[in-house]
Amino acid sequence: MKLFTKMTKIALLSATLGFVGNSVAADAMDLDSLLKTLEQGKSAQSAQNKQREQEFAARQNEQVQTLKDTQAKRNQMLSESERLETQFEENEIKLANLTDTLSKRMGSLKELFGVLQQVAGDSSNKFATSVVSAQIPGRGAFMDDLAQKMGSTSQLASIEDIEKVWFELQREMTEQGKVSRFTTDVIVEGGNKAKQEVVRVGAFNLISQGKYLEYNTTTNTISELTRQPVGRYTSTASDLQQASSGTVQFALDPTGGSILGLLVQAPDTTEQVHQGGAVGYVILGVGLLALLIAIERFISLMLMGGKIRRQLKDAVPRDDNPLGRVMKVKDQYPDVAYDTLELKLSEAILREMPKITRNLTLIKIISVVAPLLGLLGTVTGMINTFQAITLFGTGDPKLMAGGISQALVTTVLGLVVAIPTVFLYTLLNTRSKNLLLILQEQSAGIIAERSEKGA
């Protein structure tokens with residue numbers, strides 16, 4: 001209260017000084033007026049201070065009452081806390097006694113329920129990943145609920161629950177040995193759903209319309225594999241789906257999809273060719289060139305050989321075949337000596353030789369260059385592999401294996417081009433030599449005939 005009075009006096013003094021300052025500045029009041037004004041201000045301030053003191057006293061009483069109410073409430077809560085603690089201790093003792101009584105009454109059944117809980121949990125995980133659930137859904141949910149119920153000490157399994165566990169386990173074993181058909185929604189390529197007949201092969205694979213399917217355990221949906229294995233596997237799937245009885249060969253994945261997943265990740269022939277890069281494309285290009293030349297030469301030599309054989313049966317020479325053009329030399333020089341005729345015939349055979357052996361040398365060159373190009377691609381790929389090892393180290397074996405595999409693709413392409421090209425060159429070269437041999441034999445015969453006439 002004294003502090004409040006002092007603060008009031010200070011405020012009054014400040015107001016007075018301010019008022020005096022304003023009066024002096026205005027210079028409009030005399031001392032009597034100033035004294036009168038101060039008295040009026042003091043009287044008003046005293047009334048205001050009294051009002052404030054009354055309000056403060058009233059609030060102080062309210063705060064005292066609030067403090068008393070809070071203390072009473074605290075004492076009540078402390079009493080309630082002590083009561084609850086006592087009740088909790090009593091419940092702990094009762095719960096321990098009841099648990100002990102339950103354990104004694106359960107006896108050997110406690111071990112049975114423990115085993116049942118473990119089997120239910122394991123079966124729930126097994127059913128969740130089994131493709132049998134694609135045809136018979138909902139089994140995992142029952143096993144999961146039973147395992148959770150058995151984990152609670154307040155609930156026990158009934159005889160019906162135990163029998164159902166045995167039934168589900170037996171059904172899983174039975175279905176693993178069956179090939180069954182059912183119709184369901186299948187997510188096909190493009191993300192659309194279609195009703196299809198699905199063939200389930202035990203607990204291993206699902207197939208439909210000659211394609212392998214994948215069972216998603218999270219969404220309980222069946223979808224086609226984004227990539228199918230090579231044709232020799234999918235053909236067995238088609239045979240199995242079309243069969244109605246008997247024994248059919250089928251490419252089974254006993255791992256439930258792991259091996260199949262690795263198979264679809266393996267690159268096919270087209271992807272392996274692309275792994276060869278620019279060098280691989282060059283090898284295929286020269287191989288295609290060699291093949292086209294070989295086809296052209298084979299057709300030309302075959303037609304030429306047919307014409308030569310017809311000429312052998314006809315004594316009149318024709319200009320549509322090499323033998324006929326060689327035989328015409330005899331008619332062009334009927335009076336020359338046999339040695340001169342021999343030279344003329346040799347000259348005619350030499351003129352026909354480029355037509356018969358045309359482009360065979362190019363095929364031979366390609367058969368030699370193709371493996372060299374493959375070696376070039378391998379060396380280039382190994383350089384890139386070692387550069388990657390320098391940058392990233394040898395921590396990832398797949399990085400090294402993938403780079404080496406890509407490098408060796410060019411070697412394979414080079415050998416694939418070179419080996420058949422060598423066979424084609426040998427075949428065409430032999431055929432051309434046979435035709436030249438016919439020309440030489442007929443030329444020798446003509447020379448012998450002219451020699452006999454000269455003698």
# chains A, B, ... in the order shown; residues from 1 in each chain; ligands from 1
$ residues_around --residues "region 162-164 of chain A" --least-positions-apart "4" --cutoff "12 Å" --atoms "only C-alpha atoms" --output "list in words"
Leu112, Phe113, Val115, Leu116, Gln117, Val119, Ala120, Arg139, Phe142, Met143, Leu146, Ala147, Met150, Leu156, Ala157, Ser158, Glu168, Leu169, Gln170 and Arg171 of chain A
$ write_last_selection --atoms "N, CA and C atoms" --output "tab-separated table (two decimals), in the first residue's frame"
chain	number	residue	atom	x	y	z
A	112	LEU	N	0.72	-77.04	-25.77
A	112	LEU	CA	-0.04	-77.25	-27.01
A	112	LEU	C	-0.42	-75.92	-27.64
A	113	PHE	N	-0.91	-74.99	-26.85
A	113	PHE	CA	-1.31	-73.69	-27.37
A	113	PHE	C	-0.09	-72.90	-27.88
A	115	VAL	N	2.62	-74.26	-29.24
A	115	VAL	CA	2.94	-74.84	-30.55
A	115	VAL	C	1.91	-74.40	-31.59
A	116	LEU	N	0.64	-74.33	-31.19
A	116	LEU	CA	-0.42	-73.91	-32.10
A	116	LEU	C	-0.20	-72.48	-32.55
A	117	GLN	N	0.23	-71.61	-31.64
A	117	GLN	CA	0.51	-70.23	-32.00
A	117	GLN	C	1.66	-70.15	-33.00
A	119	VAL	N	2.71	-72.54	-35.09
A	119	VAL	CA	2.30	-73.12	-36.37
A	119	VAL	C	1.40	-72.15	-37.12
A	120	ALA	N	0.50	-71.48	-36.40
A	120	ALA	CA	-0.40	-70.53	-37.05
A	120	ALA	C	0.38	-69.36	-37.65
A	139	ARG	N	-7.02	-67.64	-46.46
A	139	ARG	CA	-6.48	-68.58	-45.47
A	139	ARG	C	-5.48	-67.92	-44.54
A	142	PHE	N	-7.10	-65.99	-41.52
A	142	PHE	CA	-7.52	-66.82	-40.39
A	142	PHE	C	-6.33	-67.21	-39.53
A	143	MET	N	-5.23	-67.61	-40.16
A	143	MET	CA	-4.05	-68.02	-39.40
A	143	MET	C	-3.47	-66.85	-38.63
A	146	LEU	N	-5.69	-66.17	-35.61
A	146	LEU	CA	-5.51	-67.20	-34.60
A	146	LEU	C	-4.21	-67.02	-33.84
A	147	ALA	N	-3.14	-66.67	-34.55
A	147	ALA	CA	-1.85	-66.45	-33.89
A	147	ALA	C	-1.94	-65.28	-32.92
A	150	MET	N	-3.94	-66.41	-29.89
A	150	MET	CA	-3.18	-67.29	-29.01
A	150	MET	C	-2.10	-66.53	-28.25
A	156	LEU	N	-8.41	-68.42	-25.55
A	156	LEU	CA	-7.91	-69.76	-25.87
A	156	LEU	C	-8.55	-70.23	-27.17
A	157	ALA	N	-7.83	-71.10	-27.87
A	157	ALA	CA	-8.34	-71.65	-29.12
A	157	ALA	C	-9.37	-72.73	-28.84
A	158	SER	N	-10.38	-72.77	-29.69
A	158	SER	CA	-11.41	-73.80	-29.54
A	158	SER	C	-11.02	-75.03	-30.36
A	168	GLU	N	-6.40	-76.73	-42.98
A	168	GLU	CA	-5.72	-75.83	-43.91
A	168	GLU	C	-4.34	-76.35	-44.26
A	169	LEU	N	-3.62	-76.91	-43.27
A	169	LEU	CA	-2.31	-77.48	-43.56
A	169	LEU	C	-2.43	-78.67	-44.51
A	170	GLN	N	-3.41	-79.51	-44.27
A	170	GLN	CA	-3.61	-80.67	-45.14
A	170	GLN	C	-4.03	-80.23	-46.54
A	171	ARG	N	-4.87	-79.22	-46.63
A	171	ARG	CA	-5.29	-78.74	-47.95
A	171	ARG	C	-4.12	-78.15	-48.71
$ residues_around --residues "Gln332 (chain A)" --least-positions-apart "3" --cutoff "12 Å" --atoms "only C-alpha atoms" --output "MDAnalysis selection string"
chainID A and resid 317 325:329 335:336 341 344:345 348
$ residues_around --residues "Thr236 (chain A)" --least-positions-apart "5" --cutoff "8 Å" --atoms "only C-alpha atoms" --output "list in words"
Gly210, Val248, Gln249, Phe250 and Ala251 of chain A
$ residues_around --residues "Thr378 (chain A)" --least-positions-apart "5" --cutoff "7 Å" --atoms "only C-alpha atoms" --output "PyMOL selection string"
chain A and resi 407-408+410-411
$ write_last_selection --atoms "N, CA, C and O atoms" --output "PDB file, in the first residue's frame"
ATOM      1  N   ALA A 407      31.874 -57.299 -73.878  1.00  0.00           N
ATOM      2  CA  ALA A 407      33.070 -57.296 -74.716  1.00  0.00           C
ATOM      3  C   ALA A 407      33.171 -58.569 -75.546  1.00  0.00           C
ATOM      4  O   ALA A 407      33.583 -58.534 -76.714  1.00  0.00           O
ATOM      5  N   LEU A 408      32.773 -59.693 -74.973  1.00  0.00           N
ATOM      6  CA  LEU A 408      32.883 -60.969 -75.685  1.00  0.00           C
ATOM      7  C   LEU A 408      31.795 -61.150 -76.730  1.00  0.00           C
ATOM      8  O   LEU A 408      31.901 -62.044 -77.572  1.00  0.00           O
ATOM      9  N   THR A 410      31.135 -59.246 -79.213  1.00  0.00           N
ATOM     10  CA  THR A 410      31.686 -58.953 -80.539  1.00  0.00           C
ATOM     11  C   THR A 410      32.508 -60.127 -81.064  1.00  0.00           C
ATOM     12  O   THR A 410      32.501 -60.410 -82.268  1.00  0.00           O
ATOM     13  N   THR A 411      33.226 -60.821 -80.177  1.00  0.00           N
ATOM     14  CA  THR A 411      33.966 -62.009 -80.610  1.00  0.00           C
ATOM     15  C   THR A 411      33.016 -63.077 -81.118  1.00  0.00           C
ATOM     16  O   THR A 411      33.268 -63.719 -82.156  1.00  0.00           O
TER      17      THR A 411
END
$ select_by_dssp --residues "region 95-324 of chain A" --states "helix (DSSP H, G or I)" --output "PyMOL selection string"
chain A and resi 95-106+109-129+132-135+139-151+159-175+231-242+258-265+269-275+277-312+322-324
$ residues_around --residues "Leu360 (chain A)" --least-positions-apart "2" --cutoff "10 Å" --atoms "only C-alpha atoms" --output "number ranges by chain"
A: 290, 293-294, 297, 354, 356-358, 362-365, 424-426, 428-429, 432
$ atom_distance --atom1 "CA of Thr234 (chain A)" --atom2 "CA of Val188 (chain A)"
15.9 Å
$ select_by_dssp --residues "region 72-218 of chain A" --states "strand (DSSP E)" --output "number ranges by chain"
A: 179-187, 193-201, 205-208, 211-216
$ atom_distance --atom1 "CA of Lys355 (chain A)" --atom2 "CA of Pro334 (chain A)"
26.4 Å
